[in-house]
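Engineer: My questions will all concern the structure given below.
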Amino acid sequence: MIKKRMITYCDALREATREEMKMDKNVYLIGEDVGRWGNLFGASKGLLAEFGPVQVKDCPISEAALAGCAVGSTLVGMRPIAEIMYIDFITIAMDQIVNHAVKYHQLSNGKVKLPVVFRTQQGVGMRNSSQHSACYENWFVNVPGLIIAMPSTPYDMKGILKSAVRNDNPVLIIEHKALYFTKGEVPEEEYFVPLGKAELKREGSDITIIATSWMVLHALAAAKKLAAEGINCEVVDPRTIWPLDKETLINSVNKTGRCVVVTEAPAEGGWSGEASTVITENCFKNLKRPVKRVCGMRTGIPYGTVLEKSVVPDDEWIITAVKELL
Amino acid sequence: MNRGELLKLYKEMLVLRNFDEMCLNLKMEDLIMDGFHPYSGEEAIAVGVSSVLNKDDYVISNHRPQGHSIAKGSTTRAVFCEMLGRRGGVSQGIGGPMQWIDYENNFYCGSIVGSGMTIAAGVTMALKKEKEGRICVCYFGDGASNTGSFHEAMNLASIWKLPVLYILENNQYGEAMPAAEFVSVNPISKRGGSYGIEGITVDGNDVEAVYETVNTAVKKARTGIGPYFIECVTYRTRGHYGGDPEHTYRTREEVEEWKKKCPIKRVKVKLEAMGVSEMELDGINKEVIAGLESDKDWALEQRFPTLEEATDHVWIPSE
């Protein structure tokens with residue numbers, strides 16, 4: 001009998017980090033204030049004391065050096081978890097990720113493996129304004145060789161991070177600041193969530209809502225409200241946005257015949273377009289209506305509790321879109 | 001250095017020089033397809049540095065990697081093949097003249113100026129932990145010393161005391177931009193001081209001086225202590241890339257002046273003074289050329305990668 005246990009997304013993240021560092025001394029955490037502070041949200045609280053400064057490395061505010069250091073250490077057999085405090089800062093580390101980390105495997109004809117995990121967080125929720133709240137996953141979807149995961153629940157957070165650490169590719173995990181203190185069921189026993197596998201977060205028959213990260217929670221809230229009106233939504237969380245589990249998405253839309261894609265990031269040139277195209281290309285004859293996107297506004301995130309949430313989708317935006325398609 | 005040691009380095013420098021000159025011709029024939037970056041004039045650095053490295057030490061190089069790679073142990077066949085984009089190249093012909101990986105020789109290079117410095121910091125962070133006395137050399141140029149990666153990496157290497165040797169090849173130009181005008185300090189090694197690293201400047205055209213300086217640093221680095229920042233002052237006697245419009249940024253006279261300081265000629269004069277005959281020295285050169293010609297011919301017979309091979313190993317799919 002599996003014991004039920006409710007913990008936060010942040011706790012799940014810390015557990016995964018701890019378990020993997022304990023299992024393999026080559027796994028180490030590097031980032032700005034991952035040690036003394038134990039990360040802004042407490043995601044590595046206590047790990048410096050438990051593992052010491054070699055395995056939990058505070059790094060100066062030098063994102064290029066941080067990412068380059070993580071990449072370089074993999075060439076000598078290390079398996080870094082490199083934390084970029086906010087995805088907005090990943091711009092400084094872009095070169096090391098997109099020109100180096102993802103290219104060494106190919107340039108070495110498959111001999112060099114790059115088991116680096118870059119972890120970061122994005123989105124609104126802390127009133128951090130325009131340079132600390134953006135969603136940048138779309139840039140990375142276009143980078144060959146990079147796996148990108150966006151866990152939405154504590155269970156997925158833990159299982160995805162554990163899989164990422166053991167994966168021999170560079171993996172980018174994009175967390176969400178509004179999710180860190182959400183709670184969910186996480187078993188005591190060890191488990192893994194495979195990279196590249198979507199999950200139905202709710203089964204339904206009238207319409208498919210494909211949502212990522214924090215938007216999954218909004219999609220579920222919308223689905224609950226719509227159920228009261230007799231509208232039965234299926235919510236699909238791809239969990240890994242590349243490689244994309246097309247099969248799960250396609251099967252769902254073939255069943256429902258309608259699809260809404262929800263992302264916090266702006267629509268233009270983004271993954272929401274990629275997901276919509278996958279659906280259109282594969283489900284065309286079963287689609288009763290065109291695919292609809294519900295995405296963040298094309299704006300810098302404004303400051304403040306109310307305004308920052310006003311420019312990104314919520315359950316009401318999703319409900320409106322669903323009703324338009326019915 | 002005794003006669004035998006000096007002869008060895010002389011021969012290695014001749015390999016690099018002749019290799020480069022052959023590549024320049026291959027570039028002119030468009031058999032090398034990308035803008036290959038000649039190393040001619042800078043050979044004393046790669047040869048001097050590599051003479052104190054072991055096969056299992058790491059080297060992180062830049063967009064001008066052929067000298068560094070061959071001196072580290074890559075075969076001239078494999079480097080010819082890579083230049084030509086053929087199977088058998090260090091990166092099996094898909095990397096080209098400015099980015100490849102020689103896995104067996106722990107050799108990595110790339111064409112984004114400055115980035116290698118951060119990667120070398122990571123390599124040595126791991127090597128320091130391993131405590132086996134292995135080190136990493138990172139080559140970069142005067143141009144790279146103006147990048148953010150340079151400054152971030154120098155600080156990181158210094159605060160963590162990493163066993164890395166940052167070897168600055170100051171060849172006077174970043175592309176067409178003169179270091180004298182585009183780098184705020186001279187010598188550039190002064191920048192080491194900002195990071196608590198003693199910057200050393202040596203004559204990069206004097207293979208013995210390079211060897212002596214690097215050897216001292218490497219001995220200390222093998223005990224796990226670093227970093228070291230050594231600026232080797234040199235000159236690239238060929239263009240930034242094969243066939244660049246040199247007249248737009250430097251005079252013929254300037255190039256001729258530096259050619260007089262050729263690191264290979266310098267050793268040759270010394271060897272002659274030690275009693276090595278002109279005939280013996282010419283014999284070495286002929287032997288080097290014959291070997292390289294045969295390697296080049298072999299490389300030219302190798303095939304290009306297929307589309308499938310060229311797009312393989314982008315990532316490792318899950319089971």
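Residue numbers start at 1 in each chain; chains themselves are named A, B, ... in the order of the structure tokens; ligands are numbered from 1 in the order shown.
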Check every residue of chain B for an atom within 7 Å of chain A, counting only C-alpha atoms, and provide those that qualify as a compact mmCIF listing (two decimals) with N, CA and C atoms, in the first residue's frame.
Structural biologist:
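Here's the written file result-v7.txt:
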# COMPACT_ATOMS: atom_id res chain seq x y z
N SER B 91 36.48 15.67 -35.90
CA SER B 91 35.04 15.64 -35.66
C SER B 91 34.31 14.98 -36.82
N GLN B 92 35.00 14.06 -37.48
CA GLN B 92 34.41 13.29 -38.59
C GLN B 92 33.87 14.18 -39.71
N ILE B 94 32.35 17.07 -39.69
CA ILE B 94 31.15 17.93 -39.55
C ILE B 94 31.44 19.21 -38.78
N GLY B 95 32.63 19.31 -38.19
CA GLY B 95 32.96 20.50 -37.41
C GLY B 95 33.57 21.60 -38.26
N TRP B 100 36.02 21.69 -33.31
CA TRP B 100 36.07 20.23 -33.31
C TRP B 100 36.41 19.71 -31.92
N ILE B 101 36.23 18.41 -31.78
CA ILE B 101 36.55 17.75 -30.52
C ILE B 101 37.40 16.53 -30.83
N TYR B 103 38.33 13.72 -28.83
CA TYR B 103 37.96 13.13 -27.54
C TYR B 103 39.14 12.40 -26.89
N SER B 115 34.28 32.14 -25.01
CA SER B 115 33.49 31.17 -24.24
C SER B 115 34.33 30.07 -23.61
N THR B 118 35.29 30.01 -19.86
CA THR B 118 34.36 29.57 -18.81
C THR B 118 34.33 28.04 -18.75
N ILE B 119 34.46 27.41 -19.90
CA ILE B 119 34.42 25.95 -19.95
C ILE B 119 35.68 25.37 -19.30
N ALA B 120 36.82 26.02 -19.54
CA ALA B 120 38.07 25.58 -18.91
C ALA B 120 37.97 25.69 -17.39
N ALA B 121 37.24 26.69 -16.91
CA ALA B 121 37.05 26.82 -15.46
C ALA B 121 36.31 25.59 -14.93
N GLY B 122 35.30 25.15 -15.66
CA GLY B 122 34.53 23.98 -15.25
C GLY B 122 35.35 22.70 -15.30
N VAL B 123 36.15 22.57 -16.33
CA VAL B 123 37.02 21.39 -16.45
C VAL B 123 37.93 21.31 -15.23
N MET B 125 37.61 22.78 -12.32
CA MET B 125 36.89 22.59 -11.07
C MET B 125 36.76 21.09 -10.80
N ALA B 126 36.44 20.35 -11.87
CA ALA B 126 36.30 18.90 -11.74
C ALA B 126 37.67 18.24 -11.54
N SER B 149 32.96 36.77 -20.98
CA SER B 149 33.39 35.43 -20.53
C SER B 149 34.78 35.48 -19.92
N GLU B 152 34.41 37.01 -16.37
CA GLU B 152 33.70 36.09 -15.47
C GLU B 152 34.57 34.88 -15.12
N ALA B 153 35.24 34.36 -16.14
CA ALA B 153 36.05 33.15 -15.93
C ALA B 153 37.28 33.45 -15.08
N ASP B 312 23.58 13.05 -37.43
CA ASP B 312 23.48 12.05 -36.37
C ASP B 312 24.02 12.66 -35.05
N HIS B 313 23.71 12.03 -33.95
CA HIS B 313 24.24 12.42 -32.64
C HIS B 313 23.86 13.83 -32.23
N VAL B 314 22.71 14.29 -32.69
CA VAL B 314 22.24 15.60 -32.23
C VAL B 314 21.86 15.49 -30.75
N TRP B 315 21.29 14.36 -30.41
CA TRP B 315 20.99 14.09 -29.00
C TRP B 315 20.87 12.59 -28.83
N ILE B 316 20.74 12.17 -27.59
CA ILE B 316 20.62 10.74 -27.30
C ILE B 316 19.15 10.46 -26.97
Engineer: Would you kindly return, as a list in words, each protein, DNA or RNA residue with an atom no farther than 6 Å from any atom of range 13-20 of chain B, considering only C-alpha atoms and excluding same-chain residues fewer than 6 positions away?
Structural biologist: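 Once the adjacent positions are removed, what remains is Ser40, Glu43 and Gly67 of chain B.
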Engineer: The selected residues should be written to file as a tab-separated table (two decimals), in the first residue's frame (atoms: C-alpha atoms).
Structural biologist:
chain	number	residue	atom	x	y	z
B	40	SER	CA	51.69	30.81	-39.04
B	43	GLU	CA	53.93	28.10	-33.50
B	67	GLY	CA	48.30	24.28	-34.06
Engineer: Please measure the separation of CA of Val262 in chain A and CA of Ile207 in chain A, giving the value in Å to one decimal.
Structural biologist: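 Result for CA of Val262 in chain A versus CA of Ile207 in chain A: 13.1 Å, one decimal.
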Engineer: Name the closest residue to Tyr166 in chain B among the candidates B:Thr76, B:Thr311, B:Thr124, B:Ser277; distances are taken between atoms, counting only C-alpha atoms.
Structural biologist: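 Distance minimum relative to Tyr166 in chain B lands on B:Thr124.
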Engineer: Where does range 64-103 of chain B meet range 219-242 of chain B within 12 Å, residue by residue, with the nearest atom pair and distance in Å to one decimal for each, counting only C-alpha atoms, listed by chain and rising number, as CSV?
Structural biologist:
residue,atom,partner,partner_atom,distance
B:Arg64,CA,B:His240,CA,9.2
B:Pro97,CA,B:Tyr241,CA,10.5
B:Met98,CA,B:Tyr241,CA,10.8
Engineer: Those same residues - N, CA and C atoms - I'd like them written as a CSV table (one decimal), in the first residue's frame.
Structural biologist:
chain,number,residue,atom,x,y,z
B,64,ARG,N,41.1,29.2,-33.9
B,64,ARG,CA,42.4,29.0,-34.6
B,64,ARG,C,43.1,27.8,-34.0
B,97,PRO,N,36.9,23.9,-39.9
B,97,PRO,CA,38.2,24.4,-39.5
B,97,PRO,C,38.2,25.1,-38.1
B,98,MET,N,37.1,25.4,-37.5
B,98,MET,CA,37.1,26.2,-36.3
B,98,MET,C,36.3,25.6,-35.1
Engineer: Give the alpha helix (DSSP H) residues of range 190-256 of chain A, as DSSP finds them on the backbone, and put them as a ChimeraX atom specification.
Structural biologist: /A:214-228,246-256
Engineer: If you run DSSP on the backbone here, which positions in range 72-278 of chain A get strand (DSSP E)? Please write them as a ChimeraX atom specification.
Structural biologist: /A:79-84,117-122,147-149,171-176,183-185,199-202,207-211,233-237,240-242,259-266
Engineer: Show me, as a list in words, the residues that have an atom within 10 Å of Glu137 in chain A when counting only C-alpha atoms, minus same-chain residues fewer than 4 positions from it.
Structural biologist: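 Surrounding residues, per the criterion: Ile87, Gln122, Val141, Asn142, Ile148, Ala149, Met150, Leu172, Ile173, Ile174, Ile241, Glu264, Ala265, Gly270 and Trp271 of chain A.
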Engineer: For CA of Ser130 in chain A and CA of Thr212 in chain A, determine how far apart the two atoms are, in Å to one decimal place.
Structural biologist: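 Those two atoms sit 20.7 Å apart.
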Engineer: Would you mind listing what lies within 12 Å of Met1 in chain B as a list of chain:residue names, with only C-alpha atoms counted and same-chain residues fewer than 3 positions away left out?
Structural biologist: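 Surrounding residues, per the criterion: B:Gly4, B:Glu5, B:Leu6, B:Leu7, B:Lys8, B:Leu9, B:Tyr10, B:Gly48, B:Val207, B:Glu208, B:Ala209, B:Tyr211, B:Glu212, B:Val267, B:Lys270, B:Leu271, B:Met274.
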Engineer: Keeping N, CA, C and O atoms for every residue in the selection just given, could you write it to a file as a short mmCIF file (atom, residue, chain, number, x, y, z; two decimals), in the first residue's frame?
Structural biologist:
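Written file, part-v5.cif:
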data_model
loop_
_atom_site.label_atom_id
_atom_site.label_comp_id
_atom_site.auth_asym_id
_atom_site.auth_seq_id
_atom_site.Cartn_x
_atom_site.Cartn_y
_atom_site.Cartn_z
N GLY B 4 69.10 18.10 -28.47
CA GLY B 4 68.06 17.11 -28.77
C GLY B 4 66.66 17.65 -28.51
O GLY B 4 65.74 17.50 -29.32
N GLU B 5 66.54 18.31 -27.35
CA GLU B 5 65.23 18.88 -26.99
C GLU B 5 64.81 19.96 -27.98
O GLU B 5 63.66 20.03 -28.42
N LEU B 6 65.78 20.80 -28.32
CA LEU B 6 65.48 21.91 -29.22
C LEU B 6 65.14 21.41 -30.62
O LEU B 6 64.22 21.92 -31.28
N LEU B 7 65.84 20.37 -31.04
CA LEU B 7 65.55 19.77 -32.36
C LEU B 7 64.12 19.24 -32.41
O LEU B 7 63.43 19.36 -33.42
N LYS B 8 63.70 18.66 -31.30
CA LYS B 8 62.35 18.10 -31.24
C LYS B 8 61.31 19.21 -31.42
O LYS B 8 60.37 19.08 -32.22
N LEU B 9 61.50 20.29 -30.68
CA LEU B 9 60.55 21.41 -30.78
C LEU B 9 60.61 22.06 -32.16
O LEU B 9 59.59 22.49 -32.71
N TYR B 10 61.82 22.13 -32.71
CA TYR B 10 62.00 22.70 -34.05
C TYR B 10 61.16 21.93 -35.07
O TYR B 10 60.42 22.49 -35.87
N GLY B 48 55.56 25.07 -27.42
CA GLY B 48 56.16 25.27 -26.10
C GLY B 48 55.23 24.81 -24.99
O GLY B 48 55.63 24.11 -24.06
N VAL B 207 60.41 29.93 -28.27
CA VAL B 207 59.85 28.66 -27.78
C VAL B 207 60.44 28.25 -26.43
O VAL B 207 59.74 27.68 -25.59
N GLU B 208 61.69 28.58 -26.21
CA GLU B 208 62.31 28.22 -24.93
C GLU B 208 61.72 29.03 -23.78
O GLU B 208 61.48 28.51 -22.69
N ALA B 209 61.48 30.32 -24.06
CA ALA B 209 60.88 31.17 -23.02
C ALA B 209 59.46 30.70 -22.70
O ALA B 209 59.05 30.66 -21.54
N TYR B 211 58.32 27.67 -23.10
CA TYR B 211 58.47 26.41 -22.37
C TYR B 211 58.81 26.64 -20.90
O TYR B 211 58.16 26.09 -20.00
N GLU B 212 59.82 27.49 -20.64
CA GLU B 212 60.26 27.74 -19.26
C GLU B 212 59.12 28.28 -18.40
O GLU B 212 58.86 27.79 -17.31
N VAL B 267 65.00 29.44 -33.78
CA VAL B 267 65.53 28.17 -33.27
C VAL B 267 66.56 27.61 -34.25
O VAL B 267 67.58 27.04 -33.85
N LYS B 270 69.86 29.13 -33.66
CA LYS B 270 70.43 28.60 -32.43
C LYS B 270 70.99 27.19 -32.64
O LYS B 270 72.08 26.85 -32.16
N LEU B 271 70.24 26.39 -33.37
CA LEU B 271 70.68 25.02 -33.63
C LEU B 271 71.95 25.01 -34.47
O LEU B 271 72.86 24.21 -34.24
N MET B 274 74.74 25.61 -32.41
CA MET B 274 75.06 24.41 -31.60
C MET B 274 75.76 23.35 -32.45
O MET B 274 76.09 22.27 -31.94
#
Engineer: Which residue out of B:Glu21, B:Glu280, B:Glu287, B:Asp102 has the minimum interatomic distance to Asp56 in chain B when only C-alpha atoms are used?
Structural biologist: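 Closest candidate: B:Asp102.
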Engineer: Go through B:Leu281, B:Leu84, B:Met154, B:Val90 one by one, measure the shortest atom-to-atom distance of each to Cys23 in chain B using only C-alpha atoms, and give the residue with the smallest value.
Structural biologist: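 Distance minimum relative to Cys23 in chain B lands on B:Leu84.
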Engineer: Identify which of the residues A:Leu326, A:Ile7, A:Val117, A:Ile84 lies closest to Arg258 in chain A, counting only C-alpha atoms when measuring atom-to-atom distances.
Structural biologist: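 Ranking A:Leu326, A:Ile7, A:Val117, A:Ile84 by distance to Arg258 in chain A, first place goes to A:Leu326.
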Engineer: Identify, on the basis of only C-alpha atoms, every residue whose closest approach to range 184-193 of chain B does not exceed 12 Å; exclude the query and any residue fewer than 6 positions from it along the same chain; express the result as an mmCIF file with N, CA, C and O atoms, in the first residue's frame.
Structural biologist:
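Below you can see result.cif, which holds the result:
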data_model
loop_
_atom_site.group_PDB
_atom_site.id
_atom_site.type_symbol
_atom_site.label_atom_id
_atom_site.label_comp_id
_atom_site.auth_asym_id
_atom_site.auth_seq_id
_atom_site.Cartn_x
_atom_site.Cartn_y
_atom_site.Cartn_z
ATOM 1 N N GLY B 141 42.718 34.747 -27.378
ATOM 2 C CA GLY B 141 43.480 35.822 -28.001
ATOM 3 C C GLY B 141 43.246 37.175 -27.361
ATOM 4 O O GLY B 141 42.484 37.306 -26.396
ATOM 5 N N ASP B 142 43.915 38.175 -27.920
ATOM 6 C CA ASP B 142 43.748 39.537 -27.408
ATOM 7 C C ASP B 142 42.294 39.991 -27.543
ATOM 8 O O ASP B 142 41.761 40.684 -26.679
ATOM 9 N N GLY B 143 41.636 39.563 -28.620
ATOM 10 C CA GLY B 143 40.228 39.920 -28.812
ATOM 11 C C GLY B 143 39.356 39.343 -27.714
ATOM 12 O O GLY B 143 38.479 40.018 -27.172
ATOM 13 N N ALA B 144 39.614 38.095 -27.334
ATOM 14 C CA ALA B 144 38.804 37.425 -26.307
ATOM 15 C C ALA B 144 38.939 38.105 -24.955
ATOM 16 O O ALA B 144 38.043 38.018 -24.116
ATOM 17 N N SER B 145 40.059 38.794 -24.753
ATOM 18 C CA SER B 145 40.255 39.436 -23.438
ATOM 19 C C SER B 145 39.294 40.605 -23.239
ATOM 20 O O SER B 145 39.250 41.188 -22.163
ATOM 21 N N ASN B 146 38.536 40.936 -24.272
ATOM 22 C CA ASN B 146 37.512 41.989 -24.131
ATOM 23 C C ASN B 146 36.106 41.425 -23.926
ATOM 24 O O ASN B 146 35.147 42.182 -23.869
ATOM 25 N N PHE B 150 35.681 36.264 -20.532
ATOM 26 C CA PHE B 150 37.041 36.405 -19.987
ATOM 27 C C PHE B 150 36.973 36.860 -18.535
ATOM 28 O O PHE B 150 37.571 36.259 -17.647
ATOM 29 N N HIS B 151 36.241 37.918 -18.294
ATOM 30 C CA HIS B 151 36.224 38.507 -16.950
ATOM 31 C C HIS B 151 35.506 37.604 -15.946
ATOM 32 O O HIS B 151 35.968 37.442 -14.819
ATOM 33 N N ALA B 153 35.243 34.363 -16.138
ATOM 34 C CA ALA B 153 36.050 33.151 -15.929
ATOM 35 C C ALA B 153 37.285 33.445 -15.083
ATOM 36 O O ALA B 153 37.655 32.655 -14.215
ATOM 37 N N MET B 154 37.927 34.585 -15.316
ATOM 38 C CA MET B 154 39.122 34.929 -14.537
ATOM 39 C C MET B 154 38.777 35.059 -13.056
ATOM 40 O O MET B 154 39.505 34.588 -12.184
ATOM 41 N N ASN B 155 37.661 35.695 -12.793
ATOM 42 C CA ASN B 155 37.244 35.859 -11.399
ATOM 43 C C ASN B 155 36.948 34.502 -10.756
ATOM 44 O O ASN B 155 37.406 34.203 -9.650
ATOM 45 N N ALA B 157 37.970 31.484 -11.699
ATOM 46 C CA ALA B 157 39.185 30.668 -11.577
ATOM 47 C C ALA B 157 40.013 31.135 -10.390
ATOM 48 O O ALA B 157 40.625 30.331 -9.683
ATOM 49 N N SER B 158 40.005 32.440 -10.158
ATOM 50 C CA SER B 158 40.804 32.987 -9.063
ATOM 51 C C SER B 158 40.199 32.676 -7.696
ATOM 52 O O SER B 158 40.902 32.196 -6.807
ATOM 53 N N LEU B 165 45.579 27.000 -16.838
ATOM 54 C CA LEU B 165 46.524 27.953 -17.424
ATOM 55 C C LEU B 165 45.811 28.692 -18.543
ATOM 56 O O LEU B 165 45.451 28.083 -19.559
ATOM 57 N N TYR B 166 45.583 29.952 -18.336
ATOM 58 C CA TYR B 166 45.014 30.778 -19.397
ATOM 59 C C TYR B 166 46.173 31.327 -20.232
ATOM 60 O O TYR B 166 46.978 32.108 -19.735
ATOM 61 N N ILE B 167 46.258 30.854 -21.453
ATOM 62 C CA ILE B 167 47.353 31.259 -22.336
ATOM 63 C C ILE B 167 46.814 32.252 -23.362
ATOM 64 O O ILE B 167 46.055 31.883 -24.269
ATOM 65 N N LEU B 168 47.196 33.482 -23.182
ATOM 66 C CA LEU B 168 46.758 34.537 -24.104
ATOM 67 C C LEU B 168 47.759 34.640 -25.252
ATOM 68 O O LEU B 168 48.939 34.931 -25.036
ATOM 69 N N GLU B 169 47.288 34.359 -26.443
ATOM 70 C CA GLU B 169 48.135 34.549 -27.619
ATOM 71 C C GLU B 169 47.838 35.946 -28.153
ATOM 72 O O GLU B 169 46.864 36.143 -28.880
ATOM 73 N N ASN B 170 48.644 36.883 -27.760
ATOM 74 C CA ASN B 170 48.441 38.256 -28.240
ATOM 75 C C ASN B 170 49.112 38.371 -29.606
ATOM 76 O O ASN B 170 50.308 38.643 -29.704
ATOM 77 N N ASN B 171 48.319 38.142 -30.642
ATOM 78 C CA ASN B 171 48.891 38.203 -31.991
ATOM 79 C C ASN B 171 48.639 39.563 -32.643
ATOM 80 O O ASN B 171 48.699 39.705 -33.846
ATOM 81 N N GLN B 172 48.345 40.523 -31.812
ATOM 82 C CA GLN B 172 48.259 41.955 -32.177
ATOM 83 C C GLN B 172 46.939 42.392 -32.812
ATOM 84 O O GLN B 172 46.653 43.583 -32.879
ATOM 85 N N PRO B 178 43.344 46.331 -34.161
ATOM 86 C CA PRO B 178 44.627 46.241 -33.459
ATOM 87 C C PRO B 178 44.450 46.249 -31.945
ATOM 88 O O PRO B 178 43.686 47.067 -31.414
ATOM 89 N N GLY B 199 49.739 38.240 -13.652
ATOM 90 C CA GLY B 199 49.835 38.102 -15.106
ATOM 91 C C GLY B 199 51.290 38.137 -15.531
ATOM 92 O O GLY B 199 52.076 38.924 -15.021
ATOM 93 N N ILE B 200 51.645 37.218 -16.410
ATOM 94 C CA ILE B 200 53.033 37.151 -16.885
ATOM 95 C C ILE B 200 53.021 37.403 -18.389
ATOM 96 O O ILE B 200 52.166 36.871 -19.095
ATOM 97 N N THR B 201 53.955 38.188 -18.869
ATOM 98 C CA THR B 201 54.077 38.387 -20.311
ATOM 99 C C THR B 201 55.411 37.802 -20.773
ATOM 100 O O THR B 201 56.449 38.082 -20.177
ATOM 101 N N VAL B 202 55.348 36.954 -21.797
ATOM 102 C CA VAL B 202 56.589 36.394 -22.359
ATOM 103 C C VAL B 202 56.620 36.624 -23.866
ATOM 104 O O VAL B 202 55.589 36.873 -24.491
ATOM 105 N N ASP B 203 57.813 36.502 -24.391
ATOM 106 C CA ASP B 203 58.001 36.584 -25.836
ATOM 107 C C ASP B 203 57.448 35.292 -26.446
ATOM 108 O O ASP B 203 58.033 34.226 -26.311
ATOM 109 N N PRO B 227 44.871 29.983 -10.535
ATOM 110 C CA PRO B 227 45.157 29.825 -11.959
ATOM 111 C C PRO B 227 46.418 30.597 -12.373
ATOM 112 O O PRO B 227 47.006 31.305 -11.566
ATOM 113 N N TYR B 228 46.782 30.442 -13.640
ATOM 114 C CA TYR B 228 47.913 31.162 -14.208
ATOM 115 C C TYR B 228 47.450 31.889 -15.467
ATOM 116 O O TYR B 228 46.602 31.372 -16.195
ATOM 117 N N PHE B 229 47.993 33.040 -15.650
ATOM 118 C CA PHE B 229 47.616 33.865 -16.802
ATOM 119 C C PHE B 229 48.907 34.293 -17.498
ATOM 120 O O PHE B 229 49.655 35.125 -16.973
ATOM 121 N N ILE B 230 49.166 33.678 -18.619
ATOM 122 C CA ILE B 230 50.417 33.942 -19.342
ATOM 123 C C ILE B 230 50.109 34.541 -20.710
ATOM 124 O O ILE B 230 49.426 33.923 -21.532
ATOM 125 N N GLU B 231 50.577 35.738 -20.915
ATOM 126 C CA GLU B 231 50.395 36.399 -22.205
ATOM 127 C C GLU B 231 51.634 36.144 -23.061
ATOM 128 O O GLU B 231 52.747 36.466 -22.662
ATOM 129 N N CYS B 232 51.415 35.535 -24.209
ATOM 130 C CA CYS B 232 52.513 35.282 -25.135
ATOM 131 C C CYS B 232 52.397 36.282 -26.284
ATOM 132 O O CYS B 232 51.425 36.242 -27.045
ATOM 133 N N VAL B 233 53.360 37.161 -26.366
ATOM 134 C CA VAL B 233 53.315 38.201 -27.398
ATOM 135 C C VAL B 233 53.841 37.634 -28.708
ATOM 136 O O VAL B 233 54.949 37.089 -28.771
#
Engineer: Using only C-alpha atoms, determine which residues lie at most 8 Å from Leu29 in chain A, disregarding the query and same-chain residues fewer than 4 positions distant; provide the list as a CSV table (one decimal) with all heavy atoms, in the first residue's frame.
Structural biologist:
chain,number,residue,atom,x,y,z
A,17,THR,N,16.8,16.7,-5.6
A,17,THR,CA,18.2,17.1,-5.6
A,17,THR,C,19.0,16.3,-4.6
A,17,THR,O,20.1,15.8,-4.9
A,17,THR,CB,18.3,18.6,-5.3
A,17,THR,OG1,17.4,19.3,-6.1
A,17,THR,CG2,19.7,19.2,-5.5
A,34,VAL,N,22.6,29.2,-3.9
A,34,VAL,CA,22.0,27.9,-3.7
A,34,VAL,C,22.5,27.3,-2.4
A,34,VAL,O,21.9,26.4,-1.8
A,34,VAL,CB,22.4,26.9,-4.8
A,34,VAL,CG1,21.7,27.3,-6.1
A,34,VAL,CG2,23.9,26.6,-5.0
A,55,GLN,N,29.9,19.9,-3.2
A,55,GLN,CA,28.8,19.4,-3.9
A,55,GLN,C,27.6,20.5,-4.0
A,55,GLN,O,26.7,20.3,-4.8
A,55,GLN,CB,28.2,18.1,-3.2
A,55,GLN,CG,28.0,17.0,-4.2
A,55,GLN,CD,27.6,15.7,-3.6
A,55,GLN,OE1,28.0,15.5,-2.4
A,55,GLN,NE2,26.9,14.9,-4.3
A,56,VAL,N,27.7,21.5,-3.2
A,56,VAL,CA,26.7,22.6,-3.2
A,56,VAL,C,27.5,23.9,-3.4
A,56,VAL,O,28.1,24.4,-2.4
A,56,VAL,CB,25.8,22.6,-2.0
A,56,VAL,CG1,24.9,23.8,-2.1
A,56,VAL,CG2,25.1,21.3,-1.8
A,57,LYS,N,27.6,24.4,-4.6
A,57,LYS,CA,28.5,25.5,-4.9
A,57,LYS,C,27.8,26.8,-5.1
A,57,LYS,O,27.1,26.9,-6.1
A,57,LYS,CB,29.4,25.2,-6.1
A,57,LYS,CG,30.5,24.1,-5.9
A,57,LYS,CD,31.5,24.2,-7.0
A,57,LYS,CE,32.7,25.1,-6.7
A,57,LYS,NZ,33.5,24.7,-5.5
A,80,PRO,N,26.3,18.1,-13.3
A,80,PRO,CA,25.9,19.3,-12.6
A,80,PRO,C,24.4,19.6,-12.7
A,80,PRO,O,23.7,19.3,-13.7
A,80,PRO,CB,26.6,20.4,-13.3
A,80,PRO,CG,27.0,19.9,-14.7
A,80,PRO,CD,27.1,18.4,-14.5
A,81,ILE,N,23.8,20.1,-11.6
A,81,ILE,CA,22.5,20.8,-11.7
A,81,ILE,C,22.8,22.3,-11.6
A,81,ILE,O,23.3,22.7,-10.5
A,81,ILE,CB,21.6,20.3,-10.5
A,81,ILE,CG1,21.4,18.8,-10.5
A,81,ILE,CG2,20.3,21.0,-10.6
A,81,ILE,CD1,20.7,18.3,-9.3
A,82,ALA,N,22.7,23.0,-12.7
A,82,ALA,CA,23.1,24.4,-12.7
A,82,ALA,C,21.9,25.3,-12.6
A,82,ALA,O,21.0,25.2,-13.5
A,82,ALA,CB,23.9,24.7,-13.9
A,83,GLU,N,21.8,26.0,-11.5
A,83,GLU,CA,20.6,26.8,-11.3
A,83,GLU,C,20.8,28.3,-11.8
A,83,GLU,O,21.7,28.9,-11.3
A,83,GLU,CB,20.2,26.8,-9.8
A,83,GLU,CG,19.0,27.7,-9.5
A,83,GLU,CD,18.6,27.7,-8.0
A,83,GLU,OE1,18.4,26.6,-7.5
A,83,GLU,OE2,18.6,28.8,-7.4
Engineer: Write out as a ChimeraX atom specification the residues lying within 10 Å of Val59 in chain B, counting only C-alpha atoms and excluding same-chain residues fewer than 6 positions away.
Structural biologist: /B:50,53,68-69,72,102,105-109,116,120,123,135-139,164-165
